[in-house]
>>> print(open('my_file_9.cif').read())   # mmCIF, C-alpha atoms and all ligand atoms
data_upload
#
loop_
_atom_site.group_PDB
_atom_site.id
_atom_site.type_symbol
_atom_site.label_atom_id
_atom_site.label_comp_id
_atom_site.auth_asym_id
_atom_site.auth_seq_id
_atom_site.Cartn_x
_atom_site.Cartn_y
_atom_site.Cartn_z
ATOM 1 C CA MET A 1 109.859 104.236 79.220
ATOM 2 C CA ASN A 2 110.605 107.299 81.321
ATOM 3 C CA LEU A 3 110.333 107.979 85.052
ATOM 4 C CA GLU A 4 106.847 109.433 84.727
ATOM 5 C CA LYS A 5 105.491 106.320 83.000
ATOM 6 C CA LEU A 6 107.265 104.046 85.468
ATOM 7 C CA CYS A 7 105.780 106.046 88.348
ATOM 8 C CA LYS A 8 102.273 105.640 86.896
ATOM 9 C CA ILE A 9 102.762 101.875 86.764
ATOM 10 C CA ALA A 10 104.068 101.818 90.358
ATOM 11 C CA ASN A 11 101.095 103.831 91.579
ATOM 12 C CA THR A 12 98.764 100.893 90.952
ATOM 13 C CA CYS A 13 101.268 98.127 91.710
ATOM 14 C CA VAL A 14 100.070 95.043 93.615
ATOM 15 C CA GLN A 15 103.123 92.895 92.903
ATOM 16 C CA CYS A 16 104.056 92.292 96.540
ATOM 17 C CA PRO A 17 102.112 92.158 99.827
ATOM 18 C CA LEU A 18 103.169 95.691 100.796
ATOM 19 C CA HIS A 19 100.434 97.133 98.587
ATOM 20 C CA GLU A 20 97.968 96.092 101.307
ATOM 21 C CA SER A 21 99.478 98.393 103.947
ATOM 22 C CA ARG A 22 100.063 101.513 101.851
ATOM 23 C CA THR A 23 98.044 104.678 101.503
ATOM 24 C CA ASN A 24 100.210 106.114 98.707
ATOM 25 C CA VAL A 25 103.041 104.680 96.672
ATOM 26 C CA VAL A 26 106.219 106.655 97.356
ATOM 27 C CA PHE A 27 107.978 106.274 94.031
ATOM 28 C CA GLY A 28 110.759 108.817 94.472
ATOM 29 C CA GLU A 29 111.497 112.447 93.781
ATOM 30 C CA GLY A 30 114.184 114.404 91.998
ATOM 31 C CA PRO A 31 115.528 115.267 88.567
ATOM 32 C CA GLU A 32 115.850 112.603 85.872
ATOM 33 C CA ASN A 33 119.473 113.676 85.286
ATOM 34 C CA ALA A 34 120.555 113.700 88.957
ATOM 35 C CA GLN A 35 124.238 113.005 89.581
ATOM 36 C CA ILE A 36 123.428 111.597 93.012
ATOM 37 C CA MET A 37 120.747 109.109 94.007
ATOM 38 C CA LEU A 38 119.954 108.392 97.643
ATOM 39 C CA VAL A 39 118.155 105.142 98.455
ATOM 40 C CA GLY A 40 116.546 104.477 101.827
ATOM 41 C CA GLU A 41 114.745 101.513 103.335
ATOM 42 C CA ALA A 42 111.020 102.206 103.017
ATOM 43 C CA PRO A 43 108.417 104.955 103.325
ATOM 44 C CA GLY A 44 107.319 105.829 106.856
ATOM 45 C CA LYS A 45 104.030 107.275 108.098
ATOM 46 C CA ASN A 46 104.507 110.816 106.741
ATOM 47 C CA GLU A 47 105.785 109.571 103.426
ATOM 48 C CA ASP A 48 102.894 107.103 103.104
ATOM 49 C CA GLU A 49 100.383 109.880 103.795
ATOM 50 C CA THR A 50 101.832 112.274 101.226
ATOM 51 C CA GLY A 51 103.495 110.055 98.609
ATOM 52 C CA LYS A 52 106.763 111.994 99.052
ATOM 53 C CA PRO A 53 110.095 110.506 100.193
ATOM 54 C CA PHE A 54 111.962 111.568 103.331
ATOM 55 C CA ILE A 55 109.673 114.298 104.625
ATOM 56 C CA GLY A 56 109.352 113.378 108.317
ATOM 57 C CA MET A 57 111.936 114.134 111.019
ATOM 58 C CA ALA A 58 114.540 111.939 109.334
ATOM 59 C CA GLY A 59 113.845 113.708 106.054
ATOM 60 C CA ARG A 60 114.319 117.114 107.642
ATOM 61 C CA LEU A 61 117.603 115.960 109.131
ATOM 62 C CA LEU A 62 118.648 114.649 105.712
ATOM 63 C CA SER A 63 117.915 118.062 104.169
ATOM 64 C CA GLU A 64 120.061 119.743 106.843
ATOM 65 C CA ILE A 65 122.921 117.301 106.289
ATOM 66 C CA LEU A 66 122.785 117.841 102.523
ATOM 67 C CA HIS A 67 122.757 121.604 103.008
ATOM 68 C CA GLU A 68 125.777 121.436 105.342
ATOM 69 C CA ALA A 69 127.618 119.329 102.752
ATOM 70 C CA ASP A 70 126.813 122.054 100.190
ATOM 71 C CA LEU A 71 124.500 119.736 98.281
ATOM 72 C CA ASN A 72 121.152 120.892 96.967
ATOM 73 C CA ARG A 73 118.390 118.400 97.823
ATOM 74 C CA SER A 74 116.400 119.434 94.755
ATOM 75 C CA GLN A 75 119.271 118.202 92.530
ATOM 76 C CA ILE A 76 119.296 114.736 94.113
ATOM 77 C CA TYR A 77 116.993 111.840 93.293
ATOM 78 C CA ILE A 78 115.667 110.288 96.507
ATOM 79 C CA THR A 79 113.845 106.965 96.764
ATOM 80 C CA SER A 80 113.754 103.660 98.689
ATOM 81 C CA ILE A 81 114.211 99.946 98.063
ATOM 82 C CA VAL A 82 110.432 99.508 98.464
ATOM 83 C CA LYS A 83 107.850 102.060 97.418
ATOM 84 C CA CYS A 84 105.094 101.074 99.855
ATOM 85 C CA ARG A 85 105.078 101.404 103.645
ATOM 86 C CA PRO A 86 105.360 98.142 105.574
ATOM 87 C CA GLU A 87 102.810 97.911 108.390
ATOM 88 C CA ASP A 88 104.084 99.158 111.776
ATOM 89 C CA ASN A 89 107.259 100.342 110.025
ATOM 90 C CA ARG A 90 108.702 96.822 110.036
ATOM 91 C CA LYS A 91 111.665 96.109 107.782
ATOM 92 C CA PRO A 92 110.744 95.021 104.260
ATOM 93 C CA LYS A 93 111.188 91.287 103.666
ATOM 94 C CA LYS A 94 113.550 89.952 101.023
ATOM 95 C CA PRO A 95 110.829 88.856 98.550
ATOM 96 C CA GLU A 96 109.238 92.308 98.892
ATOM 97 C CA TYR A 97 112.348 94.372 98.289
ATOM 98 C CA SER A 98 113.668 92.008 95.611
ATOM 99 C CA THR A 99 110.409 92.364 93.672
ATOM 100 C CA CYS A 100 110.311 96.122 94.065
ATOM 101 C CA ILE A 101 113.970 96.580 93.140
ATOM 102 C CA ASP A 102 113.556 94.440 90.014
ATOM 103 C CA LEU A 103 110.384 96.216 88.937
ATOM 104 C CA TYR A 104 111.261 99.809 89.783
ATOM 105 C CA LEU A 105 114.571 100.697 91.422
ATOM 106 C CA LYS A 106 116.739 99.040 88.772
ATOM 107 C CA LYS A 107 114.842 100.945 86.073
ATOM 108 C CA GLN A 108 115.072 104.209 88.024
ATOM 109 C CA ILE A 109 118.847 103.730 88.256
ATOM 110 C CA GLU A 110 119.081 102.951 84.523
ATOM 111 C CA LEU A 111 117.015 105.995 83.553
ATOM 112 C CA ILE A 112 118.740 108.436 85.912
ATOM 113 C CA ASP A 113 122.217 106.965 85.406
ATOM 114 C CA PRO A 114 123.687 108.709 88.491
ATOM 115 C CA ASP A 115 127.408 109.114 89.145
ATOM 116 C CA ILE A 116 126.988 107.653 92.625
ATOM 117 C CA ILE A 117 124.249 105.977 94.656
ATOM 118 C CA GLY A 118 124.183 106.658 98.396
ATOM 119 C CA LEU A 119 122.666 103.775 100.346
ATOM 120 C CA LEU A 120 121.046 105.029 103.531
ATOM 121 C CA GLY A 121 121.207 102.338 106.202
ATOM 122 C CA ASN A 122 121.745 98.599 106.469
ATOM 123 C CA SER A 123 118.665 97.507 104.525
ATOM 124 C CA ALA A 124 119.520 99.511 101.408
ATOM 125 C CA ALA A 125 123.211 98.546 101.609
ATOM 126 C CA TYR A 126 122.408 94.845 101.942
ATOM 127 C CA ALA A 127 119.759 94.893 99.207
ATOM 128 C CA LEU A 128 121.924 96.722 96.654
ATOM 129 C CA ILE A 129 125.522 95.689 97.349
ATOM 130 C CA GLY A 130 125.118 92.682 99.659
ATOM 131 C CA LYS A 131 127.024 94.324 102.549
ATOM 132 C CA LYS A 132 125.659 93.864 106.025
ATOM 133 C CA ASN A 133 127.484 95.903 108.611
ATOM 134 C CA ILE A 134 126.966 99.611 108.005
ATOM 135 C CA LYS A 135 129.224 100.471 110.965
ATOM 136 C CA GLN A 136 132.130 98.893 109.090
ATOM 137 C CA ILE A 137 131.365 99.881 105.513
ATOM 138 C CA HIS A 138 129.961 103.427 105.757
ATOM 139 C CA GLY A 139 131.864 106.054 103.796
ATOM 140 C CA GLU A 140 133.551 103.484 101.510
ATOM 141 C CA THR A 141 132.834 103.424 97.787
ATOM 142 C CA TYR A 142 131.964 100.169 96.045
ATOM 143 C CA GLU A 143 131.862 99.494 92.315
ATOM 144 C CA LEU A 144 129.313 96.901 91.225
ATOM 145 C CA ASN A 145 128.146 96.199 87.665
ATOM 146 C CA GLY A 146 129.560 99.515 86.484
ATOM 147 C CA ARG A 147 127.839 101.525 89.225
ATOM 148 C CA LYS A 148 129.426 103.375 92.124
ATOM 149 C CA TYR A 149 127.811 103.048 95.561
ATOM 150 C CA MET A 150 128.488 104.415 99.013
ATOM 151 C CA ALA A 151 126.753 103.258 102.201
ATOM 152 C CA LEU A 152 125.876 105.875 104.819
ATOM 153 C CA PHE A 153 124.035 105.749 108.118
ATOM 154 C CA HIS A 154 120.300 106.239 107.767
ATOM 155 C CA PRO A 155 119.236 109.696 109.036
ATOM 156 C CA ALA A 156 116.657 107.988 111.285
ATOM 157 C CA ALA A 157 119.524 106.099 112.956
ATOM 158 C CA ALA A 158 121.333 109.409 113.498
ATOM 159 C CA LEU A 159 118.179 110.848 115.084
ATOM 160 C CA TYR A 160 117.997 107.894 117.440
ATOM 161 C CA SER A 161 121.702 107.783 118.200
ATOM 162 C CA ARG A 162 123.182 111.271 117.895
ATOM 163 C CA VAL A 163 126.752 109.923 118.054
ATOM 164 C CA LEU A 164 126.239 108.760 114.453
ATOM 165 C CA LEU A 165 125.421 112.233 113.204
ATOM 166 C CA PRO A 166 128.979 113.619 112.784
ATOM 167 C CA GLN A 167 129.936 110.481 110.857
ATOM 168 C CA LEU A 168 126.883 110.758 108.600
ATOM 169 C CA LYS A 169 127.767 114.391 107.892
ATOM 170 C CA GLU A 170 131.370 113.479 107.146
ATOM 171 C CA ASP A 171 130.308 110.649 104.814
ATOM 172 C CA MET A 172 127.974 112.985 102.919
ATOM 173 C CA VAL A 173 130.917 115.323 102.299
ATOM 174 C CA THR A 174 132.945 112.323 101.074
ATOM 175 C CA LEU A 175 130.097 111.364 98.755
ATOM 176 C CA LYS A 176 130.061 114.878 97.315
ATOM 177 C CA LYS A 177 133.826 114.717 96.714
ATOM 178 C CA GLU A 178 133.296 111.451 94.796
ATOM 179 C CA ILE A 179 131.188 113.189 92.148
ATOM 180 C CA GLU A 180 133.700 116.030 91.898
ATOM 181 C CA SER A 181 136.689 113.723 91.410
HETATM 182 S S1 LIG A 201 106.497 97.719 97.461
HETATM 183 FE FE1 LIG A 201 106.985 97.865 95.263
HETATM 184 S S2 LIG A 201 106.555 95.821 94.395
HETATM 185 FE FE2 LIG A 201 105.511 95.974 96.400
HETATM 186 S S3 LIG A 201 103.426 96.674 95.895
HETATM 187 FE FE3 LIG A 201 104.665 98.491 96.387
HETATM 188 S S4 LIG A 201 105.427 99.224 94.408
HETATM 189 FE FE4 LIG A 201 104.722 97.106 94.101
#
>>> encode(input="my_file_9.cif", output="structure tokens")
Amino acid sequence: MNLEKLCKIANTCVQCPLHESRTNVVFGEGPENAQIMLVGEAPGKNEDETGKPFIGMAGRLLSEILHEADLNRSQIYITSIVKCRPEDNRKPKKPEYSTCIDLYLKKQIELIDPDIIGLLGNSAAYALIGKKNIKQIHGETYELNGRKYMALFHPAAALYSRVLLPQLKEDMVTLKKEIES
């Protein structure tokens, strides 16, 4: 199994109710040997329409933040805990993200084998490392089952509340230092 084959399987997936509200599956994007993976909550409208992750306003902000941290977006693998857009941009439910993580995200992580996984926002942090309060845990590294994780604010949260932006930028620099150490 490689990422391409896994993506083909995901593209016709009907394993959770989110398949009913999607236009395109947003599997993820980036190199198979990426040192950094970033995992968000779910595709939004723009992502659903194009099948590409993080391309709306939050995605553009993410690109800027990566650039400022001297990270190249094209070298990072970017995906979400669910690959299909929930209707009205609601949060994915536990059975939905648990199914999607088991079927796809865990295999993406295995195949890519990144040095660190950045969890963008509360939903990704809770789903992957069981931590709830992003305001308390952002910027900290966590080791779980041999993997290194760091939770960061979601770029959409930083768009909504600009006071979070400097902290998100700072955490992205910390994340970069983690792969250099
Ligand atoms: S969200 Fe994941 S598990 Fe659910 S239908 Fe889409 S690809 Fe399948």
>>> residues_around(input="my_file_9.cif", residues="segment 133-136 of chain A", least_positions_apart="6", cutoff="9 Å", atoms="only C-alpha atoms", output="ChimeraX atom specification")
/A:121-122,125-126,151-153
>>> resolve_selection(input="my_file_9.cif", expression="the PyMOL selection byres (((chain A and resi 62) around 10) and not hetatm)", output="short mmCIF file (atom, residue, chain, number, x, y, z; two decimals) with C-alpha atoms, in the coordinates of the input")
data_model
loop_
_atom_site.label_atom_id
_atom_site.label_comp_id
_atom_site.auth_asym_id
_atom_site.auth_seq_id
_atom_site.Cartn_x
_atom_site.Cartn_y
_atom_site.Cartn_z
CA PHE A 54 111.96 111.57 103.33
CA ILE A 55 109.67 114.30 104.62
CA GLY A 56 109.35 113.38 108.32
CA MET A 57 111.94 114.13 111.02
CA ALA A 58 114.54 111.94 109.33
CA GLY A 59 113.84 113.71 106.05
CA ARG A 60 114.32 117.11 107.64
CA LEU A 61 117.60 115.96 109.13
CA SER A 63 117.92 118.06 104.17
CA GLU A 64 120.06 119.74 106.84
CA ILE A 65 122.92 117.30 106.29
CA LEU A 66 122.78 117.84 102.52
CA HIS A 67 122.76 121.60 103.01
CA GLU A 68 125.78 121.44 105.34
CA ARG A 73 118.39 118.40 97.82
CA HIS A 154 120.30 106.24 107.77
CA PRO A 155 119.24 109.70 109.04
CA ALA A 156 116.66 107.99 111.28
CA ALA A 158 121.33 109.41 113.50
CA LEU A 168 126.88 110.76 108.60
CA LYS A 169 127.77 114.39 107.89
CA MET A 172 127.97 112.98 102.92
#
>>> axis_aligned_box(input="my_file_9.cif", around="ligand LIG 201 (chain A)", padding_each_side="8 Å", output="JSON")
{"center_x": 105.2, "center_y": 97.5, "center_z": 95.8, "size_x": 19.6, "size_y": 19.4, "size_z": 19.4}
>>> residues_near_ligand(input="my_file_9.cif", ligand="ligand LIG 201 (chain A)", cutoff="10 Å", atoms="all atoms listed in the file", output="PyMOL selection string")
chain A and resi 7+9-22+24-27+42-43+80-86+92+95-105
>>> closest_residue(input="my_file_9.cif", among="A:Ser161, A:Ser181, A:Asn72, A:Gln35", to="Ile116 of chain A", atoms="all atoms listed in the file")
A:Gln35
>>> closest_residue(input="my_file_9.cif", among="A:Arg90, A:Glu41, A:Gly146, A:Tyr77", to="Leu111 of chain A", atoms="only C-alpha atoms")
A:Tyr77
>>> closest_residue(input="my_file_9.cif", among="A:Thr141, A:Thr23, A:Ser74, A:Asn33", to="Glu49 of chain A", atoms="only C-alpha atoms")
A:Thr23
>>> residues_around(input="my_file_9.cif", residues="Tyr142 of chain A", least_positions_apart="6", cutoff="9 Å", atoms="only C-alpha atoms", output="list in words")
Ile129, Lys148, Tyr149, Met150 and Ala151 of chain A
>>> atom_distance(input="my_file_9.cif", atom1="atom CA of Met37 of chain A", atom2="atom CA of Asn89 of chain A")
22.7 Å
>>> closest_residue(input="my_file_9.cif", among="A:Ile78, A:Ala69, A:Thr174, A:Ala34", to="Lys52 of chain A", atoms="only C-alpha atoms")
A:Ile78
>>> atom_distance(input="my_file_9.cif", atom1="atom CA of Thr50 of chain A", atom2="atom CA of Glu87 of chain A")
16.1 Å
>>> atom_distance(input="my_file_9.cif", atom1="atom CA of Pro114 of chain A", atom2="atom CA of Tyr160 of chain A")
29.5 Å
>>> closest_residue(input="my_file_9.cif", among="A:Ile137, A:Ile36, A:Leu175, A:Leu165", to="Ile117 of chain A", atoms="all atoms listed in the file")
A:Ile36
>>> closest_residue(input="my_file_9.cif", among="A:Gly130, A:Pro31, A:Gly51, A:Gly118", to="Val173 of chain A", atoms="only C-alpha atoms")
A:Gly118
>>> resolve_selection(input="my_file_9.cif", expression="the PyMOL selection byres (((chain A and resi 1-4) around 9) and not hetatm)", output="MDAnalysis selection string")
chainID A and resid 5:9 32 107:108 111:112
>>> decode(input="my_file_9.cif", residues="segment 107-120 of chain A", atoms="all heavy atoms", output="PDB file, in the first residue's frame")
ATOM      1  N   LYS A 107      -2.823   5.232   8.618  1.00  0.00           N
ATOM      2  CA  LYS A 107      -1.999   4.674   7.536  1.00  0.00           C
ATOM      3  C   LYS A 107      -1.157   5.761   6.882  1.00  0.00           C
ATOM      4  O   LYS A 107      -0.011   5.524   6.498  1.00  0.00           O
ATOM      5  CB  LYS A 107      -2.887   3.978   6.500  1.00  0.00           C
ATOM      6  CG  LYS A 107      -3.472   2.692   7.057  1.00  0.00           C
ATOM      7  CD  LYS A 107      -4.447   2.053   6.105  1.00  0.00           C
ATOM      8  CE  LYS A 107      -5.140   0.894   6.838  1.00  0.00           C
ATOM      9  NZ  LYS A 107      -6.394   0.507   6.211  1.00  0.00           N
ATOM     10  N   GLN A 108      -1.714   6.968   6.752  1.00  0.00           N
ATOM     11  CA  GLN A 108      -0.914   8.078   6.212  1.00  0.00           C
ATOM     12  C   GLN A 108       0.298   8.322   7.113  1.00  0.00           C
ATOM     13  O   GLN A 108       1.414   8.518   6.631  1.00  0.00           O
ATOM     14  CB  GLN A 108      -1.761   9.355   6.120  1.00  0.00           C
ATOM     15  CG  GLN A 108      -2.771   9.339   4.975  1.00  0.00           C
ATOM     16  CD  GLN A 108      -3.722  10.525   5.046  1.00  0.00           C
ATOM     17  OE1 GLN A 108      -4.449  10.706   6.025  1.00  0.00           O
ATOM     18  NE2 GLN A 108      -3.729  11.346   4.005  1.00  0.00           N
ATOM     19  N   ILE A 109       0.062   8.324   8.423  1.00  0.00           N
ATOM     20  CA  ILE A 109       1.160   8.574   9.371  1.00  0.00           C
ATOM     21  C   ILE A 109       2.216   7.470   9.264  1.00  0.00           C
ATOM     22  O   ILE A 109       3.411   7.742   9.225  1.00  0.00           O
ATOM     23  CB  ILE A 109       0.616   8.712  10.815  1.00  0.00           C
ATOM     24  CG1 ILE A 109      -0.227   9.989  10.951  1.00  0.00           C
ATOM     25  CG2 ILE A 109       1.749   8.711  11.834  1.00  0.00           C
ATOM     26  CD1 ILE A 109      -1.002  10.128  12.258  1.00  0.00           C
ATOM     27  N   GLU A 110       1.751   6.221   9.182  1.00  0.00           N
ATOM     28  CA  GLU A 110       2.687   5.087   9.039  1.00  0.00           C
ATOM     29  C   GLU A 110       3.526   5.218   7.772  1.00  0.00           C
ATOM     30  O   GLU A 110       4.736   5.019   7.793  1.00  0.00           O
ATOM     31  CB  GLU A 110       1.895   3.785   8.911  1.00  0.00           C
ATOM     32  CG  GLU A 110       1.806   2.978  10.176  1.00  0.00           C
ATOM     33  CD  GLU A 110       0.858   1.800   9.977  1.00  0.00           C
ATOM     34  OE1 GLU A 110       0.996   1.079   8.972  1.00  0.00           O
ATOM     35  OE2 GLU A 110      -0.036   1.652  10.829  1.00  0.00           O
ATOM     36  N   LEU A 111       2.877   5.542   6.668  1.00  0.00           N
ATOM     37  CA  LEU A 111       3.573   5.604   5.376  1.00  0.00           C
ATOM     38  C   LEU A 111       4.545   6.782   5.315  1.00  0.00           C
ATOM     39  O   LEU A 111       5.654   6.661   4.789  1.00  0.00           O
ATOM     40  CB  LEU A 111       2.552   5.721   4.237  1.00  0.00           C
ATOM     41  CG  LEU A 111       1.750   4.450   3.927  1.00  0.00           C
ATOM     42  CD1 LEU A 111       0.534   4.780   3.068  1.00  0.00           C
ATOM     43  CD2 LEU A 111       2.625   3.420   3.221  1.00  0.00           C
ATOM     44  N   ILE A 112       4.128   7.921   5.847  1.00  0.00           N
ATOM     45  CA  ILE A 112       4.959   9.128   5.778  1.00  0.00           C
ATOM     46  C   ILE A 112       6.045   9.088   6.855  1.00  0.00           C
ATOM     47  O   ILE A 112       7.157   9.538   6.647  1.00  0.00           O
ATOM     48  CB  ILE A 112       4.065  10.388   5.889  1.00  0.00           C
ATOM     49  CG1 ILE A 112       3.153  10.471   4.657  1.00  0.00           C
ATOM     50  CG2 ILE A 112       4.896  11.664   6.014  1.00  0.00           C
ATOM     51  CD1 ILE A 112       1.959  11.380   4.817  1.00  0.00           C
ATOM     52  N   ASP A 113       5.686   8.556   8.009  1.00  0.00           N
ATOM     53  CA  ASP A 113       6.625   8.435   9.132  1.00  0.00           C
ATOM     54  C   ASP A 113       7.297   9.779   9.450  1.00  0.00           C
ATOM     55  O   ASP A 113       8.531   9.894   9.435  1.00  0.00           O
ATOM     56  CB  ASP A 113       7.684   7.358   8.797  1.00  0.00           C
ATOM     57  CG  ASP A 113       8.460   6.943  10.031  1.00  0.00           C
ATOM     58  OD1 ASP A 113       7.965   7.160  11.160  1.00  0.00           O
ATOM     59  OD2 ASP A 113       9.589   6.433   9.877  1.00  0.00           O
ATOM     60  N   PRO A 114       6.514  10.813   9.740  1.00  0.00           N
ATOM     61  CA  PRO A 114       7.087  12.151   9.964  1.00  0.00           C
ATOM     62  C   PRO A 114       7.843  12.242  11.292  1.00  0.00           C
ATOM     63  O   PRO A 114       7.591  11.447  12.202  1.00  0.00           O
ATOM     64  CB  PRO A 114       5.841  13.049  10.004  1.00  0.00           C
ATOM     65  CG  PRO A 114       4.771  12.156  10.538  1.00  0.00           C
ATOM     66  CD  PRO A 114       5.063  10.780   9.985  1.00  0.00           C
ATOM     67  N   ASP A 115       8.717  13.232  11.391  1.00  0.00           N
ATOM     68  CA  ASP A 115       9.431  13.463  12.651  1.00  0.00           C
ATOM     69  C   ASP A 115       8.506  14.092  13.691  1.00  0.00           C
ATOM     70  O   ASP A 115       8.687  13.893  14.888  1.00  0.00           O
ATOM     71  CB  ASP A 115      10.625  14.404  12.422  1.00  0.00           C
ATOM     72  CG  ASP A 115      11.673  13.752  11.548  1.00  0.00           C
ATOM     73  OD1 ASP A 115      11.664  12.513  11.442  1.00  0.00           O
ATOM     74  OD2 ASP A 115      12.493  14.489  10.961  1.00  0.00           O
ATOM     75  N   ILE A 116       7.555  14.881  13.224  1.00  0.00           N
ATOM     76  CA  ILE A 116       6.611  15.512  14.157  1.00  0.00           C
ATOM     77  C   ILE A 116       5.273  15.745  13.441  1.00  0.00           C
ATOM     78  O   ILE A 116       5.240  15.972  12.222  1.00  0.00           O
ATOM     79  CB  ILE A 116       7.177  16.837  14.735  1.00  0.00           C
ATOM     80  CG1 ILE A 116       6.305  17.328  15.900  1.00  0.00           C
ATOM     81  CG2 ILE A 116       7.333  17.920  13.668  1.00  0.00           C
ATOM     82  CD1 ILE A 116       6.999  18.338  16.817  1.00  0.00           C
ATOM     83  N   ILE A 117       4.203  15.673  14.234  1.00  0.00           N
ATOM     84  CA  ILE A 117       2.860  15.898  13.690  1.00  0.00           C
ATOM     85  C   ILE A 117       2.261  17.111  14.394  1.00  0.00           C
ATOM     86  O   ILE A 117       2.086  17.102  15.623  1.00  0.00           O
ATOM     87  CB  ILE A 117       1.969  14.653  13.908  1.00  0.00           C
ATOM     88  CG1 ILE A 117       2.611  13.427  13.230  1.00  0.00           C
ATOM     89  CG2 ILE A 117       0.547  14.905  13.360  1.00  0.00           C
ATOM     90  CD1 ILE A 117       1.962  12.102  13.592  1.00  0.00           C
ATOM     91  N   GLY A 118       2.009  18.161  13.647  1.00  0.00           N
ATOM     92  CA  GLY A 118       1.383  19.363  14.210  1.00  0.00           C
ATOM     93  C   GLY A 118      -0.131  19.214  14.146  1.00  0.00           C
ATOM     94  O   GLY A 118      -0.688  18.913  13.080  1.00  0.00           O
ATOM     95  N   LEU A 119      -0.771  19.388  15.278  1.00  0.00           N
ATOM     96  CA  LEU A 119      -2.228  19.216  15.372  1.00  0.00           C
ATOM     97  C   LEU A 119      -2.861  20.590  15.423  1.00  0.00           C
ATOM     98  O   LEU A 119      -2.679  21.339  16.389  1.00  0.00           O
ATOM     99  CB  LEU A 119      -2.565  18.402  16.629  1.00  0.00           C
ATOM    100  CG  LEU A 119      -1.870  17.033  16.682  1.00  0.00           C
ATOM    101  CD1 LEU A 119      -2.042  16.398  18.055  1.00  0.00           C
ATOM    102  CD2 LEU A 119      -2.392  16.119  15.593  1.00  0.00           C
ATOM    103  N   LEU A 120      -3.584  20.937  14.368  1.00  0.00           N
ATOM    104  CA  LEU A 120      -4.118  22.296  14.237  1.00  0.00           C
ATOM    105  C   LEU A 120      -5.518  22.373  14.856  1.00  0.00           C
ATOM    106  O   LEU A 120      -6.496  21.929  14.244  1.00  0.00           O
ATOM    107  CB  LEU A 120      -4.153  22.705  12.769  1.00  0.00           C
ATOM    108  CG  LEU A 120      -2.791  22.688  12.063  1.00  0.00           C
ATOM    109  CD1 LEU A 120      -2.947  22.935  10.567  1.00  0.00           C
ATOM    110  CD2 LEU A 120      -1.837  23.719  12.670  1.00  0.00           C
TER     111      LEU A 120
END
